[in-house]
Structure formats: C-alpha cells, structure tokens
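The block underneath contains the structure these notes are about, expressed in structure tokens.
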Amino acid sequence: MSLPRFKLAPSGPEVSALAYGLWRLAKDPLGASPARVRAKIDACLEAGITTFDHADIYGQYTCEGLFGRALAEAPALRERMEIVTKCGINAVCDNRPGVRVNHYDATPAAIERCVERSLRELRTDRVDLLLIHRPDWLTSAEETAQGLSRVVAAGKVKAVGVSNYNVHQFALLTRYLGQVPATNQVEVSLLRMEAILDGTLDQCQAGGVHPMAWSPLAGGRLLAGEEPDAVRARDALRRIGAHYGASPEQIALAWVAALPCRPQVVIGTNQVERIRDAAGSARVQLERQHWYELWTAAQGRSVP
C-alpha cells in the first residue's frame with residue numbers, strides 16, 4: 001500500500017503520513033522477540049509506514065534495544081525506514097539506578113550521551129530525527145541548541161526537533177538553533193484539542209513544519225472509554241464511519257490528519273491487523289461538516 005509522503009520541514013526528513021510508535025513495544029502480550037518485532041516492522045513497511053517513533057525512555061529504557069535486536073537480524077531494513085527517537089527524560093526505574101527523582105536533562109552532555117546510547121541500542125549508525133522529549137526548565141535554550149547542533153555536526157543525527165513544546169519554547173529554541181526545528185511532536189485527538197486552540201499547530205504551519213501528532217486515539221479512550229466525551233465521540237465515529245465504509249479508528253485518525261498543518265499521525269498498537277487498518281485511514285477524506293460534527297460530539301457543544 002502506498003501512503004502519502006512529505007518532508008516534515010525544510011530541515012527535516014521525508015516521512016510517511018503515518019508513523020509507528022514503539023511506546024508499548026515491551027508490553028506486547030505475544031512477547032518482544034526479534035521475530036515478533038520483525039512481524040510488526042514488516043506490517044508497517046508493507047502498509048507504507050516507514051517512520052518508526054522511539055524514545056530512550058520507552059519500556060523503561062528497553063524498547064530501543066528490542067527494536068535493535070530485530071534490525072540486527074535484518075540490517076537491510078534500516079535503509080527502508082526513518083528512525084525517530086527522543087531524549088531528555090530521566091525516570092526512576094531499575095534501569096536508571098542513579099535517578100532519585102523524575103527529571104529532565106537537555107544539556108549538551110546529556111544529549112550527546114543519550115544519542116550514543118540510542119545508536120547502540122538501535123544497532124544503527126545514525127538517527128534520522130532526534131527530538132527533545134520535554135522542555136528542560138533548568139537548561140537554557142541556547143545550551144540545548146548547542147547540544148543538538150553538536151550531534152548533527154558529528155553525523156550521528158540528520159535532523160532535530162522537539163516534543164511537547166509550547167509556542168514560546170518552540171520560538172525560543174528556534175532563535176538559538178538558527179533554523180526552525182524539524183517538528184514538534186504533540187498530543188492531538190478528538191479528546192485533546194489544546195494544540196489546535198493554543199497556537200501550537202498554527203506556529204508549525206507558519207514555519208512550514210508538519211507536527212507529529214501522538215496519541216490520536218487518546219490513549220484508547222476513544223475506542224473504549226466510558227467518559228461522556230468519549231462515548232459521544234465514539235458514537236459519532238461509528239455513524240460517520242458507516243458513511244465512508246471505514247472503521248471508527250480510521251475516522252479518528254483521518255480527523256487528525258485533516259488539520260491544515262498536515263500532521264504526521266503517530267499510531268501505537270501491538271496488533272498487526274490494527275497496523276494495516278490504521279494505514280487505511282489515508283484513503284478517508286472527511287467532508288468539512290463531518291469533521292465539525294465530530295468536533296461537536298467530542299466537545300458536547302456547537303462551535304462558538
């Protein structure tokens with residue numbers, strides 16, 4: 001299957017319209033053997049999903065390694081994909097014995113240290129896109145920009161961006177980086193619309209940047225949540241999905257993809273069949289009134 005492709009930004013890599021998120025890779029009920037991980041990689045590539053979204057913290061710092069084991073058994077796959085990873089979060093867990101409290105670190109030394117570790121774990125010689133996972137309130141934007149520039153200059157990272165940055169943090173880093181970050185990965189779904197309303201997505205559009213939209217199903221709430229907003233939205237997804245011959249999940253993904261900033265939508269599932277289903281969302285072009293009907297259902301009110 002062929003999915004639309006585009007450059008995330010003038011300084012960013014070319015990517016597929018959907019990205020596959022590895023957040024839950026270690027929690028697959030069927031295990032995380034190289035063969036099992038390979039099955040999901042193959043399903044993505046067959047569906048036209050070539051962007052794989054990692055973070056060093058995923059799976060308590062284990063998911064990059066699990067993915068890397070699969071790549072080591074089939075190294076030719078590396079040339080068919082774009083690898084995104086994130087750094088900067090230090091979490092209390094067995095794999096971080098020196099961490100006493102959850103905290104952020106986006107200093108140059110930390111960025112370089114994280115990149116080295118990610119390259120080892122992923123069994124690759126470069127990362128296509130490195131993101132600062134969350135803003136570090138104790139590190140200046142100038143220092144963070146210096147760290148990002150160093151790993152690019154070293155040839156270890158091809159492009160850099162951010163995740164979960166607000167409008168002002170994004171603008172400040174842009175000033176010191178000397179170019180617009182390649183993306184801002186932010187949460188966007190029918191149940192999380194803050195980025196639509198607070199200027200985050202407008203800023204991306206103004207800079208020629210495609211954001212990455214994580215948790216487009218609101219962490220599964222859209223499909224299974226019992227809160228009033230989830231129930232209303234799910235009913236509308238089913239009703240409108242019938243009109244397009246599409247699943248509620250496909251409609252929910254298409255709703256995010258329809259935004260004028262053209263976000264790259266990050267899916268996250270351990271089920272191969274759902275990977276294939278998600279790719280089918282690319283064929284759904286929502287009518288304007290259907291998009292706003294879903295907005296109205298999720299919000300429980302009409303537009304102003």
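For the structure tokens, the naming scheme is as follows: chains receive sequential letters (A, B, ...) according to their order of presentation, residues are indexed from 1 within each chain, and ligands are indexed from 1 in presentation order.
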Backbone DSSP call of alpha helix (DSSP H) for segment 189-300 of chain A, listed as a VMD selection string: chain A and resid 194 to 197 200 to 206 221 to 224 228 to 244 248 to 257 272 to 279 288 to 299
Near segment 1-12 of chain A, within 8 Å and counting only C-alpha atoms, which residues show up once chain neighbours fewer than 2 positions away are dropped, as a list in words?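 Surrounding residues, per the criterion: Glu14, Val15, Ser16, Ala17, Leu18, Glu46, Ala47, Gly48, Ile49, Leu129, Lys158, Ala159, Val160, Gln179, Val180, Pro181, Ala182, Thr183, Gly208, Val209, His210, Pro211, Ala279 and Ala282 of chain A.
Secondary structure from DSSP on the backbone puts strand (DSSP E or B) at the following positions of segment 138-256 of chain A: A:Val157, A:Val160, A:Gly161, A:Val162, A:Ser163, A:Asn184, A:Gln185, A:Val186, A:Glu187, A:Ser189, A:Arg192, A:Met212, A:Ala213, A:Trp214.
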So how far away is atom CA of Lys40 of chain A from atom CA of Val157 of chain A, in Å?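 Separation of atom CA of Val157 of chain A and atom CA of Lys40 of chain A: 24.6 Å.
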Calculated over only C-alpha atoms, which of the candidates A:Lys86, A:Lys156, A:Arg238, A:Arg38 has the smallest distance to Glu73 of chain A? A:Arg38
Of the candidates A:Thr85, A:Ser281, A:Asn102, A:Gln250, which shows the shortest atom-to-atom distance to Gln185 of chain A, using only C-alpha atoms?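 Among the listed residues, A:Thr85 lies closest to Gln185 of chain A.
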Shell around Glu287 of chain A at 10 Å using only C-alpha atoms, local window under 5 positions removed, as a PyMOL selection string: chain A and resi 255+258+292-293
Shell around segment 264-272 of chain A at 8 Å using only C-alpha atoms, local window under 2 positions removed, as a tab-separated table (two decimals) with C-alpha atoms, in the first residue's frame:
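The resulting file, around_26.tsv, is shown below:
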chain	number	residue	atom	x	y	z
A	16	SER	CA	5.29	8.61	5.68
A	17	ALA	CA	1.93	10.19	6.56
A	18	LEU	CA	1.64	7.75	9.47
A	19	ALA	CA	4.38	6.87	11.93
A	20	TYR	CA	4.53	3.75	14.08
A	21	GLY	CA	5.11	4.50	17.75
A	22	LEU	CA	7.09	1.98	19.81
A	23	TRP	CA	5.95	3.17	23.25
A	24	ARG	CA	4.25	-0.12	24.14
A	25	LEU	CA	6.61	-2.49	22.34
A	28	ASP	CA	3.11	-6.94	23.75
A	39	ALA	CA	6.43	-9.01	12.14
A	40	LYS	CA	5.30	-5.51	13.14
A	43	ALA	CA	3.44	-4.99	8.54
A	53	ASP	CA	8.98	6.66	16.52
A	210	HIS	CA	4.49	19.26	9.89
A	211	PRO	CA	3.92	18.39	13.56
A	212	MET	CA	3.83	14.79	14.73
A	213	ALA	CA	0.52	14.01	16.46
A	214	TRP	CA	0.85	11.44	19.24
A	215	SER	CA	-1.99	9.54	20.93
A	216	PRO	CA	-4.58	10.25	18.19
A	253	LEU	CA	-7.02	9.15	12.54
A	256	VAL	CA	-6.36	14.47	12.98
A	257	ALA	CA	-4.76	14.15	9.54
A	262	ARG	CA	-0.91	18.16	7.84
A	274	ARG	CA	-4.60	-2.81	13.51
A	275	ILE	CA	-1.46	-1.53	11.82
A	276	ARG	CA	-2.99	-2.46	8.49
A	278	ALA	CA	-4.70	2.30	10.51
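Between Val127 of chain A and the residues A:Arg69, A:Arg36, A:His54, A:Arg113, the shortest atom-to-atom distance, using only C-alpha atoms, involves A:His54.
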Please identify all polymer residues within 12 Å of Ala26 of chain A, counting only C-alpha atoms, omitting same-chain residues fewer than 6 positions from it, and present them as a short mmCIF file (atom, residue, chain, number, x, y, z; two decimals) with C-alpha atoms, in the first residue's frame.
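The resulting file, part.cif, is reproduced below:
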data_model
loop_
_atom_site.label_atom_id
_atom_site.label_comp_id
_atom_site.auth_asym_id
_atom_site.auth_seq_id
_atom_site.Cartn_x
_atom_site.Cartn_y
_atom_site.Cartn_z
CA ALA A 32 9.03 -8.91 22.13
CA SER A 33 11.28 -11.45 20.45
CA PRO A 34 13.12 -10.31 17.31
CA ARG A 36 7.65 -10.70 16.86
CA VAL A 37 9.11 -7.21 16.46
CA ILE A 57 12.59 6.09 27.98
CA TYR A 58 10.07 3.77 26.28
CA GLY A 59 9.64 0.46 28.08
CA GLN A 60 11.77 1.80 30.96
CA TYR A 61 14.66 2.21 28.53
CA THR A 62 14.23 -1.19 26.84
CA CYS A 63 12.24 -0.61 23.64
CA GLU A 64 15.09 0.76 21.54
CA GLY A 65 17.10 -2.35 22.34
CA LEU A 66 14.22 -4.67 21.44
CA PHE A 67 13.85 -2.93 18.09
CA THR A 269 -0.54 -0.79 18.66
CA ASN A 270 0.95 -4.24 19.12
#
Which residues of segment 159-232 of chain A come within 6 Å of segment 131-150 of chain A, and for each one, what is the closest pair of atoms and their distance in Å to one decimal, counting only C-alpha atoms, sorted by chain and residue number, as CSV?
residue,atom,partner,partner_atom,distance
A:Val160,CA,A:Leu131,CA,5.8
A:Gly161,CA,A:Leu131,CA,4.6
A:Val162,CA,A:Leu131,CA,4.4
A:Ser163,CA,A:His133,CA,4.9
A:Asn164,CA,A:Arg134,CA,5.6
A:Leu173,CA,A:Ala141,CA,5.2
A:Tyr176,CA,A:Glu142,CA,5.3
A:Leu177,CA,A:Ala145,CA,5.0
Prev. selection, N, CA and C atoms, output as a PDB file, in the first residue's frame:
ATOM      1  N   VAL A 160      16.881  17.572  13.742  1.00  0.00           N
ATOM      2  CA  VAL A 160      16.491  17.685  15.144  1.00  0.00           C
ATOM      3  C   VAL A 160      15.179  18.449  15.273  1.00  0.00           C
ATOM      4  N   GLY A 161      14.460  18.125  16.348  1.00  0.00           N
ATOM      5  CA  GLY A 161      13.194  18.794  16.620  1.00  0.00           C
ATOM      6  C   GLY A 161      12.868  18.673  18.097  1.00  0.00           C
ATOM      7  N   VAL A 162      11.590  18.847  18.411  1.00  0.00           N
ATOM      8  CA  VAL A 162      11.173  18.846  19.812  1.00  0.00           C
ATOM      9  C   VAL A 162       9.859  18.086  19.957  1.00  0.00           C
ATOM     10  N   SER A 163       9.503  17.874  21.214  1.00  0.00           N
ATOM     11  CA  SER A 163       8.245  17.209  21.536  1.00  0.00           C
ATOM     12  C   SER A 163       7.650  17.885  22.765  1.00  0.00           C
ATOM     13  N   ASN A 164       6.358  18.126  22.733  1.00  0.00           N
ATOM     14  CA  ASN A 164       5.637  18.703  23.875  1.00  0.00           C
ATOM     15  C   ASN A 164       6.113  20.111  24.229  1.00  0.00           C
ATOM     16  N   LEU A 173      13.762  28.205  21.153  1.00  0.00           N
ATOM     17  CA  LEU A 173      14.769  27.269  20.654  1.00  0.00           C
ATOM     18  C   LEU A 173      15.113  27.576  19.199  1.00  0.00           C
ATOM     19  N   TYR A 176      17.918  30.147  18.829  1.00  0.00           N
ATOM     20  CA  TYR A 176      19.288  29.710  19.078  1.00  0.00           C
ATOM     21  C   TYR A 176      19.731  28.584  18.154  1.00  0.00           C
ATOM     22  N   LEU A 177      18.783  27.833  17.637  1.00  0.00           N
ATOM     23  CA  LEU A 177      19.132  26.745  16.728  1.00  0.00           C
ATOM     24  C   LEU A 177      19.511  27.283  15.356  1.00  0.00           C
TER      25      LEU A 177
END
